[in-house]
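K.L.:
PDB, C-alpha atoms, saved as work.pdb, coming up:
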```pdb
ATOM      1  CA  ARG Z  27     140.122 101.711-160.076
ATOM      2  CA  GLU Z  28     140.843  99.811-156.844
ATOM      3  CA  GLN Z  29     144.171 101.601-156.358
ATOM      4  CA  HIS Z  30     142.359 104.910-156.865
ATOM      5  CA  ASP Z  31     139.696 103.934-154.298
ATOM      6  CA  ARG Z  32     142.290 102.864-151.741
ATOM      7  CA  ALA Z  33     144.235 106.089-152.190
ATOM      8  CA  GLU Z  34     141.061 108.148-151.892
ATOM      9  CA  TYR Z  35     139.994 106.326-148.749
ATOM     10  CA  GLN Z  36     143.421 106.768-147.131
ATOM     11  CA  ARG Z  37     143.415 110.473-148.017
ATOM     12  CA  THR Z  38     139.837 111.418-147.090
ATOM     13  CA  GLY Z  39     138.402 108.487-145.139
ATOM     14  CA  ARG Z  40     135.557 108.236-147.673
ATOM     15  CA  ILE Z  41     134.794 106.732-151.055
ATOM     16  CA  GLN Z  42     132.925 109.022-153.410
ATOM     17  CA  PRO Z  43     130.471 107.542-155.926
ATOM     18  CA  LEU Z  44     131.056 107.885-159.622
ATOM     19  CA  GLN Z  45     130.335 111.277-161.213
ATOM     20  CA  GLY Z  46     130.778 113.056-157.889
ATOM     21  CA  VAL Z  47     127.418 112.009-156.452
ATOM     22  CA  GLY Z  48     127.615 112.012-152.654
ATOM     23  CA  GLY Z  49     126.026 109.011-150.940
ATOM     24  CA  CYS Z  50     122.714 107.441-151.832
ATOM     25  CA  LEU Z  51     120.617 109.973-153.684
ATOM     26  CA  GLN Z  52     117.573 111.328-151.899
ATOM     27  CA  ARG Z  53     114.047 111.414-153.298
ATOM     28  CA  LYS Z  54     113.024 114.500-155.213
ATOM     29  CA  VAL Z  55     109.527 115.941-154.889
ATOM     30  CA  GLY Z  56     107.230 117.823-157.223
ATOM     31  CA  ARG Z  57     107.716 115.671-160.324
ATOM     32  CA  VAL Z  58     106.795 112.339-161.867
ATOM     33  CA  VAL Z  59     107.570 109.339-159.656
ATOM     34  CA  THR Z  60     110.890 107.605-160.371
ATOM     35  CA  ASN Z  61     111.839 103.943-160.386
ATOM     36  CA  LYS Z  62     113.800 104.504-157.182
ATOM     37  CA  GLU Z  63     110.740 105.936-155.467
ATOM     38  CA  LEU Z  64     108.623 103.030-156.701
ATOM     39  CA  MET Z  65     111.233 100.572-155.414
ATOM     40  CA  LEU Z  66     111.266 102.089-151.931
ATOM     41  CA  MET Z  67     107.445 102.074-151.868
ATOM     42  CA  GLY Z  68     107.396  98.342-152.602
ATOM     43  CA  GLU Z  69     105.884  98.794-156.060
ATOM     44  CA  LEU Z  70     107.025  97.387-159.408
ATOM     45  CA  TYR Z  71     110.065  99.161-160.818
ATOM     46  CA  LYS Z  72     112.928  98.696-163.292
ATOM     47  CA  LEU Z  73     116.524  98.989-162.110
ATOM     48  CA  ASN Z  74     118.038  99.628-165.524
ATOM     49  CA  ASP Z  75     115.734 102.590-166.217
ATOM     50  CA  ASP Z  76     116.821 104.712-163.234
ATOM     51  CA  LYS Z  77     120.076 106.688-163.148
ATOM     52  CA  GLU Z  78     119.883 107.279-159.389
ATOM     53  CA  LEU Z  79     119.490 103.579-158.642
ATOM     54  CA  ASN Z  80     122.414 102.666-160.860
ATOM     55  CA  GLU Z  81     124.638 105.278-159.203
ATOM     56  CA  ASP Z  82     123.661 104.026-155.740
ATOM     57  CA  PHE Z  83     124.268 100.461-156.898
ATOM     58  CA  MET Z  84     127.749 101.278-158.207
ATOM     59  CA  ARG Z  85     128.634 103.131-154.999
ATOM     60  CA  ALA Z  86     127.776 100.014-152.964
ATOM     61  CA  ARG Z  87     129.822  97.847-155.320
ATOM     62  CA  ARG Z  88     132.873 100.037-154.839
ATOM     63  CA  LEU Z  89     132.537 100.183-151.041
ATOM     64  CA  THR Z  90     131.948  96.433-150.632
ATOM     65  CA  ARG Z  91     134.841  95.641-152.969
ATOM     66  CA  LEU Z  92     137.129  97.813-150.880
ATOM     67  CA  PHE Z  93     135.793  96.338-147.623
ATOM     68  CA  ASN Z  94     136.210  92.736-148.786
ATOM     69  CA  SER Z  95     139.786  93.343-149.955
ATOM     70  CA  MET Z  96     141.026  94.739-146.622
ATOM     71  CA  THR Z  97     143.327  92.763-144.336
ATOM     72  CA  GLU Z  98     142.831  91.571-140.761
ATOM     73  CA  GLU Z  99     145.024  94.457-139.560
ATOM     74  CA  GLN Z 100     142.544  96.996-140.955
ATOM     75  CA  MET Z 101     139.669  96.428-138.546
ATOM     76  CA  GLU Z 102     138.980 100.093-137.877
ATOM     77  CA  GLU Z 103     139.036 100.937-141.579
ATOM     78  CA  ARG Z 104     136.607  98.101-142.275
ATOM     79  CA  LYS Z 105     134.289  99.399-139.559
ATOM     80  CA  GLU Z 106     134.355 102.908-141.010
ATOM     81  CA  ILE Z 107     133.463 101.627-144.484
ATOM     82  CA  ILE Z 108     130.458  99.752-143.079
ATOM     83  CA  LYS Z 109     129.341 102.917-141.298
ATOM     84  CA  GLU Z 110     129.618 104.835-144.562
ATOM     85  CA  LEU Z 111     127.882 102.103-146.550
ATOM     86  CA  PHE Z 112     124.880 101.643-144.246
ATOM     87  CA  LYS Z 113     122.104 104.162-143.687
ATOM     88  CA  SER Z 114     122.770 104.087-139.934
ATOM     89  CA  THR Z 115     124.615 101.981-137.351
ATOM     90  CA  GLY Z 116     125.294 101.884-133.643
ATOM     91  CA  GLU Z 117     128.761 102.722-132.405
ATOM     92  CA  ASN Z 118     129.715  99.067-132.022
ATOM     93  CA  VAL Z 119     129.245  97.244-135.332
ATOM     94  CA  HIS Z 120     131.251  94.337-136.733
ATOM     95  CA  VAL Z 121     130.841  92.666-140.109
ATOM     96  CA  GLU Z 122     133.072  89.811-141.219
ATOM     97  CA  GLN Z 123     134.258  89.367-144.781
ATOM     98  CA  THR Z 124     132.842  88.712-147.223
ATOM     99  CA  PHE Z 125     129.802  90.963-147.196
ATOM    100  CA  HIS Z 126     127.530  91.872-150.108
ATOM    101  CA  CYS Z 127     124.530  94.152-150.537
ATOM    102  CA  ASP Z 128     122.740  95.978-153.344
ATOM    103  CA  TYR Z 129     122.760  99.532-152.011
ATOM    104  CA  GLY Z 130     123.741  99.640-148.334
ATOM    105  CA  CYS Z 131     121.965 102.954-147.806
ATOM    106  CA  HIS Z 132     118.711 101.121-147.081
ATOM    107  CA  ILE Z 133     120.264  99.117-144.199
ATOM    108  CA  SER Z 134     119.963 100.313-140.589
ATOM    109  CA  VAL Z 135     121.508  98.348-137.711
ATOM    110  CA  GLY Z 136     121.512  99.064-133.989
ATOM    111  CA  GLU Z 137     124.139  98.821-131.268
ATOM    112  CA  ASN Z 138     126.278  95.667-130.965
ATOM    113  CA  PHE Z 139     125.479  94.335-134.426
ATOM    114  CA  TYR Z 140     127.519  91.353-135.613
ATOM    115  CA  ALA Z 141     127.367  89.613-138.988
ATOM    116  CA  ASN Z 142     129.533  86.543-139.496
ATOM    117  CA  TYR Z 143     131.102  85.338-142.763
ATOM    118  CA  ASP Z 144     129.409  85.616-146.157
ATOM    119  CA  CYS Z 145     126.393  87.692-145.159
ATOM    120  CA  ILE Z 146     124.189  88.905-148.019
ATOM    121  CA  MET Z 147     121.622  91.705-147.702
ATOM    122  CA  VAL Z 148     119.566  92.463-150.791
ATOM    123  CA  ASP Z 149     118.283  95.878-149.736
ATOM    124  CA  VAL Z 150     115.999  97.105-152.487
ATOM    125  CA  CYS Z 151     113.714  98.071-149.577
ATOM    126  CA  GLU Z 152     114.595  98.979-146.015
ATOM    127  CA  ILE Z 153     116.307  96.438-143.779
ATOM    128  CA  ILE Z 154     115.922  97.614-140.176
ATOM    129  CA  ILE Z 155     117.777  95.671-137.484
ATOM    130  CA  GLY Z 156     117.696  96.429-133.748
ATOM    131  CA  ASP Z 157     120.288  96.241-130.964
ATOM    132  CA  ASN Z 158     122.296  93.151-129.996
ATOM    133  CA  VAL Z 159     121.628  91.155-133.141
ATOM    134  CA  LEU Z 160     123.896  88.258-134.168
ATOM    135  CA  LEU Z 161     123.922  86.810-137.682
ATOM    136  CA  ALA Z 162     125.706  83.465-138.073
ATOM    137  CA  PRO Z 163     127.647  82.599-141.263
ATOM    138  CA  ARG Z 164     125.881  82.800-144.618
ATOM    139  CA  VAL Z 165     122.704  84.457-143.415
ATOM    140  CA  GLY Z 166     120.754  86.006-146.282
ATOM    141  CA  ILE Z 167     118.284  88.861-145.816
ATOM    142  CA  TYR Z 168     116.343  89.439-149.008
ATOM    143  CA  THR Z 169     113.877  92.269-149.644
ATOM    144  CA  ALA Z 170     113.655  91.718-153.422
ATOM    145  CA  GLY Z 171     110.871  89.911-155.231
ATOM    146  CA  HIS Z 172     109.934  89.155-158.834
ATOM    147  CA  PRO Z 173     106.515  88.715-160.497
ATOM    148  CA  ILE Z 174     105.154  85.178-160.586
ATOM    149  CA  ASP Z 175     103.972  85.746-164.158
ATOM    150  CA  ALA Z 176     106.878  84.985-166.489
ATOM    151  CA  ALA Z 177     105.912  87.502-169.189
ATOM    152  CA  VAL Z 178     105.877  90.404-166.710
ATOM    153  CA  ARG Z 179     109.027  89.116-164.998
ATOM    154  CA  ASN Z 180     110.848  88.926-168.333
ATOM    155  CA  GLU Z 181     110.296  92.650-168.882
ATOM    156  CA  GLY Z 182     112.725  93.306-166.031
ATOM    157  CA  LEU Z 183     110.064  94.431-163.571
ATOM    158  CA  GLU Z 184     110.674  93.617-159.911
ATOM    159  CA  PHE Z 185     109.580  94.816-156.476
ATOM    160  CA  GLY Z 186     110.643  94.790-152.844
ATOM    161  CA  LYS Z 187     109.208  94.488-149.328
ATOM    162  CA  PRO Z 188     111.037  95.649-146.170
ATOM    163  CA  VAL Z 189     112.483  93.356-143.499
ATOM    164  CA  ILE Z 190     112.428  94.315-139.813
ATOM    165  CA  ILE Z 191     114.360  92.484-137.084
ATOM    166  CA  GLY Z 192     113.956  93.420-133.413
ATOM    167  CA  ASP Z 193     116.432  93.583-130.510
ATOM    168  CA  ASN Z 194     118.368  90.660-129.002
ATOM    169  CA  VAL Z 195     117.975  88.318-131.960
ATOM    170  CA  TRP Z 196     120.268  85.439-132.961
ATOM    171  CA  ILE Z 197     119.850  84.061-136.494
ATOM    172  CA  GLY Z 198     121.560  80.737-137.202
ATOM    173  CA  GLY Z 199     123.815  79.857-140.109
ATOM    174  CA  ASN Z 200     122.441  79.627-143.652
ATOM    175  CA  ALA Z 201     119.086  81.054-142.597
ATOM    176  CA  VAL Z 202     117.131  82.977-145.240
ATOM    177  CA  ILE Z 203     114.912  85.932-144.315
ATOM    178  CA  ASN Z 204     112.414  86.605-147.106
ATOM    179  CA  PRO Z 205     110.825  89.895-148.235
ATOM    180  CA  GLY Z 206     108.226  91.515-146.001
ATOM    181  CA  VAL Z 207     109.116  89.544-142.862
ATOM    182  CA  THR Z 208     109.174  91.032-139.350
ATOM    183  CA  ILE Z 209     111.099  89.122-136.668
ATOM    184  CA  GLY Z 210     110.311  90.157-133.098
ATOM    185  CA  SER Z 211     112.695  90.833-130.226
ATOM    186  CA  GLY Z 212     114.385  88.121-128.162
ATOM    187  CA  VAL Z 213     114.097  85.562-130.974
ATOM    188  CA  VAL Z 214     116.359  82.657-131.945
ATOM    189  CA  ILE Z 215     116.076  81.450-135.564
ATOM    190  CA  GLY Z 216     117.507  77.967-136.134
ATOM    191  CA  SER Z 217     120.194  77.339-138.715
ATOM    192  CA  GLY Z 218     118.987  76.593-142.226
ATOM    193  CA  SER Z 219     115.564  78.129-141.597
ATOM    194  CA  VAL Z 220     113.639  79.840-144.383
ATOM    195  CA  VAL Z 221     111.577  82.611-142.809
ATOM    196  CA  THR Z 222     108.544  83.453-144.945
ATOM    197  CA  LYS Z 223     106.159  84.836-142.292
ATOM    198  CA  ASP Z 224     106.416  87.095-139.247
ATOM    199  CA  ILE Z 225     107.915  85.640-136.058
ATOM    200  CA  PRO Z 226     106.650  86.909-132.659
ATOM    201  CA  ASP Z 227     108.788  88.037-129.708
ATOM    202  CA  HIS Z 228     110.704  85.669-127.422
ATOM    203  CA  VAL Z 229     110.478  82.379-129.285
ATOM    204  CA  VAL Z 230     112.719  79.757-130.867
ATOM    205  CA  ALA Z 231     111.681  79.256-134.490
ATOM    206  CA  VAL Z 232     113.105  76.738-136.970
ATOM    207  CA  GLY Z 233     112.441  74.991-140.245
ATOM    208  CA  ASN Z 234     111.527  75.427-143.891
ATOM    209  CA  PRO Z 235     109.182  77.174-143.793
ATOM    210  CA  CYS Z 236     110.195  78.577-140.414
ATOM    211  CA  ARG Z 237     107.695  77.948-137.599
ATOM    212  CA  VAL Z 238     107.670  78.676-133.880
ATOM    213  CA  LEU Z 239     109.106  75.695-131.985
ATOM    214  CA  ARG Z 240     108.576  77.024-128.473
ATOM    215  CA  LYS Z 241     108.573  80.112-126.290
ATOM    216  CA  ILE Z 242     111.741  81.241-124.532
ATOM    217  CA  ASN Z 243     110.840  80.990-120.857
ATOM    218  CA  GLU Z 244     112.045  81.442-117.283
ATOM    219  CA  GLU Z 245     113.683  78.001-117.308
ATOM    220  CA  ASP Z 246     115.960  79.149-120.123
ATOM    221  CA  LYS Z 247     116.926  82.223-118.136
ATOM    222  CA  ILE Z 248     117.702  80.229-114.983
ATOM    223  CA  TYR Z 249     119.746  77.627-116.877
ATOM    224  CA  TRP Z 250     121.897  80.130-118.735
ATOM    225  CA  GLU Z 251     122.432  82.328-115.692
ATOM    226  CA  LYS Z 252     123.797  79.251-113.862
ATOM    227  CA  GLU Z 253     126.075  78.470-116.809
ATOM    228  CA  ARG Z 254     127.314  82.067-116.787
ATOM    229  CA  GLU Z 255     128.031  81.824-113.055
ATOM    230  CA  LYS Z 256     130.059  78.637-113.629
ATOM    231  CA  TYR Z 257     132.104  80.406-116.264
ATOM    232  CA  TYR Z 258     133.044  83.304-113.978
ATOM    233  CA  GLN Z 259     133.933  80.904-111.180
ATOM    234  CA  ARG Z 260     136.246  78.963-113.496
ATOM    235  CA  ILE Z 261     138.169  82.045-114.585
ATOM    236  CA  GLY Z 262     138.486  83.342-111.015
ATOM    237  CA  HIS Z 263     135.973  86.186-110.983
TER     238      HIS Z 263
END
```
Turn this file's structure into structure tokens for me.
P.N.:
Amino acid sequence: REQHDRAEYQRTGRIQPLQGVGGCLQRKVGRVVTNKELMLMGELYKLNDDKELNEDFMRARRLTRLFNSMTEEQMEERKEIIKELFKSTGENVHVEQTFHCDYGCHISVGENFYANYDCIMVDVCEIIIGDNVLLAPRVGIYTAGHPIDAAVRNEGLEFGKPVIIGDNVWIGGNAVINPGVTIGSGVVIGSGSVVTKDIPDHVVAVGNPCRVLRKINEEDKIYWEKEREKYYQRIGH
């Protein structure tokens, strides 16, 4: 299968899902609601009972397998696979290996997006990420949830809540972003944080659970502008 996928990608620049289904399937109207529609609405659903979800899931598996098997000389090919996998991206997007997601087609990232090693995005609902966002190694963004009640959970029912991340955000290594969280713009999330509630704009937030440590202020701006000036002086600019 992998040799077939590689050959197909080299020939066409795309990987087609199984059974000739192109991309993530779109919602259909005028009929009974499906498990996929329930999933995207944040309601209880069952993965195994929905053909569309399983086809989308398998498509993402094939694309991520191909992406993670590529060499360091195949940077442009890796970038193109990410652009095909995600719902939308900016022009400049870079994802390190390894990368894993459930569907890919529910992930939107802005310009200058960077994800370091071993990023995981469980995108049963939308993950929307703005411009100039940096993810350190082993960041996990999870939109999936399971019922607290064991009997309901054991029936295979689950649900999701979207995650939204603003512009100019840096998320430290091993941080976990939980379902339903919104992180504002200009935010720094400390490494190892577990984000369970919304984080406002322009703050440093750390901890488990993650809490606002302090605001990012004019002193920060002055300090880092001086450090930038030192750098350019040292390299002769």
K.L.:
Which region 121-229 of chain Z residues have any atom within 9 Å of an atom of region 56-68 of chain Z, and for each, what is the nearest pair of atoms with distance in Å to one decimal, counting all atoms listed in the file, rows sorted by chain and number, as a tab-separated table?
P.N.:
```
residue	atom	partner	partner_atom	distance
Z:His132	CA	Z:Leu66	CA	8.9
Z:Val150	CA	Z:Met65	CA	6.6
Z:Cys151	CA	Z:Leu66	CA	5.3
Z:Glu152	CA	Z:Leu66	CA	7.5
Z:Glu184	CA	Z:Met65	CA	8.3
Z:Phe185	CA	Z:Gly68	CA	5.7
Z:Gly186	CA	Z:Gly68	CA	4.8
Z:Lys187	CA	Z:Gly68	CA	5.4
Z:Pro188	CA	Z:Gly68	CA	7.9
```
K.L.:
Of the candidates Z:Glu81, Z:Asp246, Z:Glu251, Z:Glu122, which one gets nearest to His228 (chain Z) if we count only C-alpha atoms?
P.N.:
Z:Asp246
K.L.:
Calculate how many Å separate CA of Ile107 (chain Z) from CA of Asp193 (chain Z), rounding to one decimal.
P.N.:
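Result for CA of Ile107 (chain Z) versus CA of Asp193 (chain Z): 23.5 Å, one decimal.
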K.L.:
Which residue is closest to Val214 (chain Z)? Choose from Z:Gly262, Z:Gly166, Z:Pro235, Z:Gly192 and count all atoms listed in the file.
P.N.:
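Once distances to Val214 (chain Z) are computed over all atoms listed in the file, the minimum belongs to Z:Gly192.
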K.L.:
List every protein, DNA or RNA residue that has an atom no more than 10 Å from (131.4, 96.2, -130.0) in the file's coordinate frame, counting all atoms listed in the file, and report them as a ChimeraX atom specification.
P.N.:
/Z:116-120,137-140,158
K.L.:
With distances taken over all atoms listed in the file, which residue among Z:Val220, Z:Ile155, Z:Ala86, Z:Ile242 lies nearest Phe125 (chain Z)?
P.N.:
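Ranking Z:Val220, Z:Ile155, Z:Ala86, Z:Ile242 by distance to Phe125 (chain Z), first place goes to Z:Ala86.
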K.L.:
Using all atoms listed in the file, which protein or nucleic acid residues come within 7 Å of Val148 (chain Z)? Drop anything in the same chain fewer than 4 positions from it, and give the result as a list in words.
P.N.:
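In the requested form, the answer reads Cys127, Asp128, Ile167, Tyr168, Thr169 and Ala170 of chain Z.
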K.L.:
Could you state the separation of CA of Met96 (chain Z) and CA of Ile197 (chain Z) in Å, given to one decimal place?
P.N.:
25.8 Å
K.L.:
Name all residues at most 7 Å from Leu161 (chain Z) (count all atoms listed in the file; drop same-chain ones fewer than 2 positions away) and give them as JSON, numbers by chain.
P.N.:
{"Z": [140, 141, 142, 159, 163, 165, 196, 197, 198]}
K.L.:
Extract, using only C-alpha atoms, all DNA, RNA and protein residues at most 12 Å from Pro226 (chain Z), discarding same-chain residues fewer than 5 positions from it, and format them as a VMD selection string.
P.N.:
chain Z and resid 190 to 192 195 207 to 215 231 236 to 242
K.L.:
Once the PyMOL selection byres ((chain Z and resi 90-92) around 9) has been applied to the shown file, what residues remain in the selection, as JSON, numbers by chain?
P.N.:
{"Z": [28, 31, 32, 85, 86, 87, 88, 89, 93, 94, 95, 96, 104, 107, 108, 111, 124, 125, 126, 127]}
K.L.:
For the residues in the current selection, export C-alpha atoms as a PDB file, keeping the file's coordinate frame.
P.N.:
```pdb
ATOM      1  CA  GLU Z  28     140.843  99.811-156.844  1.00  0.00           C
ATOM      2  CA  ASP Z  31     139.696 103.934-154.298  1.00  0.00           C
ATOM      3  CA  ARG Z  32     142.290 102.864-151.741  1.00  0.00           C
ATOM      4  CA  ARG Z  85     128.634 103.131-154.999  1.00  0.00           C
ATOM      5  CA  ALA Z  86     127.776 100.014-152.964  1.00  0.00           C
ATOM      6  CA  ARG Z  87     129.822  97.847-155.320  1.00  0.00           C
ATOM      7  CA  ARG Z  88     132.873 100.037-154.839  1.00  0.00           C
ATOM      8  CA  LEU Z  89     132.537 100.183-151.041  1.00  0.00           C
ATOM      9  CA  PHE Z  93     135.793  96.338-147.623  1.00  0.00           C
ATOM     10  CA  ASN Z  94     136.210  92.736-148.786  1.00  0.00           C
ATOM     11  CA  SER Z  95     139.786  93.343-149.955  1.00  0.00           C
ATOM     12  CA  MET Z  96     141.026  94.739-146.622  1.00  0.00           C
ATOM     13  CA  ARG Z 104     136.607  98.101-142.275  1.00  0.00           C
ATOM     14  CA  ILE Z 107     133.463 101.627-144.484  1.00  0.00           C
ATOM     15  CA  ILE Z 108     130.458  99.752-143.079  1.00  0.00           C
ATOM     16  CA  LEU Z 111     127.882 102.103-146.550  1.00  0.00           C
ATOM     17  CA  THR Z 124     132.842  88.712-147.223  1.00  0.00           C
ATOM     18  CA  PHE Z 125     129.802  90.963-147.196  1.00  0.00           C
ATOM     19  CA  HIS Z 126     127.530  91.872-150.108  1.00  0.00           C
ATOM     20  CA  CYS Z 127     124.530  94.152-150.537  1.00  0.00           C
TER      21      CYS Z 127
END
```
K.L.:
Output as JSON the centre and edge lengths (Å, one decimal) of the box along x, y and z of the file that holds every listed atom of region 66-69 of chain Z after adding 4 Å on each side.
P.N.:
```
{"center_x": 108.6, "center_y": 100.2, "center_z": -154.0, "size_x": 13.4, "size_y": 11.7, "size_z": 12.2}
```
K.L.:
Can you measure CA of Asn200 (chain Z) to CA of Thr222 (chain Z) for me? One decimal in Å is fine.
P.N.:
14.5 Å
K.L.:
Mind filling out region 218-247 of chain Z with N, CA and C atoms and sending it as a PDB file, keeping the file's coordinate frame?
P.N.:
```
ATOM      1  N   GLY Z 218     119.625  77.165-141.049  1.00  0.00           N
ATOM      2  CA  GLY Z 218     118.987  76.593-142.226  1.00  0.00           C
ATOM      3  C   GLY Z 218     117.524  76.945-142.390  1.00  0.00           C
ATOM      4  N   SER Z 219     116.981  77.767-141.510  1.00  0.00           N
ATOM      5  CA  SER Z 219     115.564  78.129-141.597  1.00  0.00           C
ATOM      6  C   SER Z 219     115.298  79.043-142.784  1.00  0.00           C
ATOM      7  N   VAL Z 220     114.103  78.944-143.334  1.00  0.00           N
ATOM      8  CA  VAL Z 220     113.639  79.840-144.383  1.00  0.00           C
ATOM      9  C   VAL Z 220     112.422  80.575-143.823  1.00  0.00           C
ATOM     10  N   VAL Z 221     112.610  81.837-143.495  1.00  0.00           N
ATOM     11  CA  VAL Z 221     111.577  82.611-142.809  1.00  0.00           C
ATOM     12  C   VAL Z 221     110.722  83.310-143.856  1.00  0.00           C
ATOM     13  N   THR Z 222     109.464  82.909-143.948  1.00  0.00           N
ATOM     14  CA  THR Z 222     108.544  83.453-144.945  1.00  0.00           C
ATOM     15  C   THR Z 222     107.413  84.257-144.322  1.00  0.00           C
ATOM     16  N   LYS Z 223     107.224  84.128-142.997  1.00  0.00           N
ATOM     17  CA  LYS Z 223     106.159  84.836-142.292  1.00  0.00           C
ATOM     18  C   LYS Z 223     106.721  85.453-141.015  1.00  0.00           C
ATOM     19  N   ASP Z 224     105.965  86.401-140.458  1.00  0.00           N
ATOM     20  CA  ASP Z 224     106.416  87.095-139.247  1.00  0.00           C
ATOM     21  C   ASP Z 224     106.610  86.115-138.090  1.00  0.00           C
ATOM     22  N   ILE Z 225     107.603  86.441-137.242  1.00  0.00           N
ATOM     23  CA  ILE Z 225     107.915  85.640-136.058  1.00  0.00           C
ATOM     24  C   ILE Z 225     107.697  86.520-134.832  1.00  0.00           C
ATOM     25  N   PRO Z 226     106.927  86.073-133.836  1.00  0.00           N
ATOM     26  CA  PRO Z 226     106.650  86.909-132.659  1.00  0.00           C
ATOM     27  C   PRO Z 226     107.854  87.004-131.713  1.00  0.00           C
ATOM     28  N   ASP Z 227     107.725  87.839-130.695  1.00  0.00           N
ATOM     29  CA  ASP Z 227     108.788  88.037-129.708  1.00  0.00           C
ATOM     30  C   ASP Z 227     109.042  86.766-128.900  1.00  0.00           C
ATOM     31  N   HIS Z 228     110.299  86.620-128.469  1.00  0.00           N
ATOM     32  CA  HIS Z 228     110.704  85.669-127.422  1.00  0.00           C
ATOM     33  C   HIS Z 228     110.318  84.221-127.729  1.00  0.00           C
ATOM     34  N   VAL Z 229     110.723  83.776-128.918  1.00  0.00           N
ATOM     35  CA  VAL Z 229     110.478  82.379-129.285  1.00  0.00           C
ATOM     36  C   VAL Z 229     111.725  81.815-129.964  1.00  0.00           C
ATOM     37  N   VAL Z 230     111.792  80.487-129.995  1.00  0.00           N
ATOM     38  CA  VAL Z 230     112.719  79.757-130.867  1.00  0.00           C
ATOM     39  C   VAL Z 230     111.906  79.299-132.063  1.00  0.00           C
ATOM     40  N   ALA Z 231     112.396  79.622-133.261  1.00  0.00           N
ATOM     41  CA  ALA Z 231     111.681  79.256-134.490  1.00  0.00           C
ATOM     42  C   ALA Z 231     112.657  78.584-135.449  1.00  0.00           C
ATOM     43  N   VAL Z 232     112.224  77.514-136.093  1.00  0.00           N
ATOM     44  CA  VAL Z 232     113.105  76.738-136.970  1.00  0.00           C
ATOM     45  C   VAL Z 232     112.311  76.195-138.148  1.00  0.00           C
ATOM     46  N   GLY Z 233     113.044  75.778-139.185  1.00  0.00           N
ATOM     47  CA  GLY Z 233     112.441  74.991-140.245  1.00  0.00           C
ATOM     48  C   GLY Z 233     112.264  75.713-141.563  1.00  0.00           C
ATOM     49  N   ASN Z 234     111.815  74.937-142.548  1.00  0.00           N
ATOM     50  CA  ASN Z 234     111.527  75.427-143.891  1.00  0.00           C
ATOM     51  C   ASN Z 234     110.146  74.912-144.298  1.00  0.00           C
ATOM     52  N   PRO Z 235     109.123  75.781-144.242  1.00  0.00           N
ATOM     53  CA  PRO Z 235     109.182  77.174-143.793  1.00  0.00           C
ATOM     54  C   PRO Z 235     109.353  77.269-142.285  1.00  0.00           C
ATOM     55  N   CYS Z 236     109.886  78.390-141.831  1.00  0.00           N
ATOM     56  CA  CYS Z 236     110.195  78.577-140.414  1.00  0.00           C
ATOM     57  C   CYS Z 236     108.910  78.701-139.597  1.00  0.00           C
ATOM     58  N   ARG Z 237     108.842  77.916-138.509  1.00  0.00           N
ATOM     59  CA  ARG Z 237     107.695  77.948-137.599  1.00  0.00           C
ATOM     60  C   ARG Z 237     108.182  78.040-136.161  1.00  0.00           C
ATOM     61  N   VAL Z 238     107.334  78.571-135.302  1.00  0.00           N
ATOM     62  CA  VAL Z 238     107.670  78.676-133.880  1.00  0.00           C
ATOM     63  C   VAL Z 238     107.764  77.279-133.284  1.00  0.00           C
ATOM     64  N   LEU Z 239     108.908  76.976-132.661  1.00  0.00           N
ATOM     65  CA  LEU Z 239     109.106  75.695-131.985  1.00  0.00           C
ATOM     66  C   LEU Z 239     108.609  75.774-130.548  1.00  0.00           C
ATOM     67  N   ARG Z 240     109.013  76.846-129.862  1.00  0.00           N
ATOM     68  CA  ARG Z 240     108.576  77.024-128.473  1.00  0.00           C
ATOM     69  C   ARG Z 240     108.876  78.443-128.030  1.00  0.00           C
ATOM     70  N   LYS Z 241     108.272  78.829-126.901  1.00  0.00           N
ATOM     71  CA  LYS Z 241     108.573  80.112-126.290  1.00  0.00           C
ATOM     72  C   LYS Z 241     109.877  80.013-125.509  1.00  0.00           C
ATOM     73  N   ILE Z 242     110.578  81.128-125.422  1.00  0.00           N
ATOM     74  CA  ILE Z 242     111.741  81.241-124.532  1.00  0.00           C
ATOM     75  C   ILE Z 242     111.211  81.644-123.164  1.00  0.00           C
ATOM     76  N   ASN Z 243     111.521  80.840-122.136  1.00  0.00           N
ATOM     77  CA  ASN Z 243     110.840  80.990-120.857  1.00  0.00           C
ATOM     78  C   ASN Z 243     111.804  81.199-119.688  1.00  0.00           C
ATOM     79  N   GLU Z 244     111.254  81.205-118.489  1.00  0.00           N
ATOM     80  CA  GLU Z 244     112.045  81.442-117.283  1.00  0.00           C
ATOM     81  C   GLU Z 244     113.056  80.323-117.038  1.00  0.00           C
ATOM     82  N   GLU Z 245     112.733  79.110-117.449  1.00  0.00           N
ATOM     83  CA  GLU Z 245     113.683  78.001-117.308  1.00  0.00           C
ATOM     84  C   GLU Z 245     114.945  78.253-118.124  1.00  0.00           C
ATOM     85  N   ASP Z 246     114.785  78.796-119.310  1.00  0.00           N
ATOM     86  CA  ASP Z 246     115.960  79.149-120.123  1.00  0.00           C
ATOM     87  C   ASP Z 246     116.829  80.170-119.403  1.00  0.00           C
ATOM     88  N   LYS Z 247     116.192  81.175-118.846  1.00  0.00           N
ATOM     89  CA  LYS Z 247     116.926  82.223-118.136  1.00  0.00           C
ATOM     90  C   LYS Z 247     117.703  81.663-116.960  1.00  0.00           C
TER      91      LYS Z 247
END
```
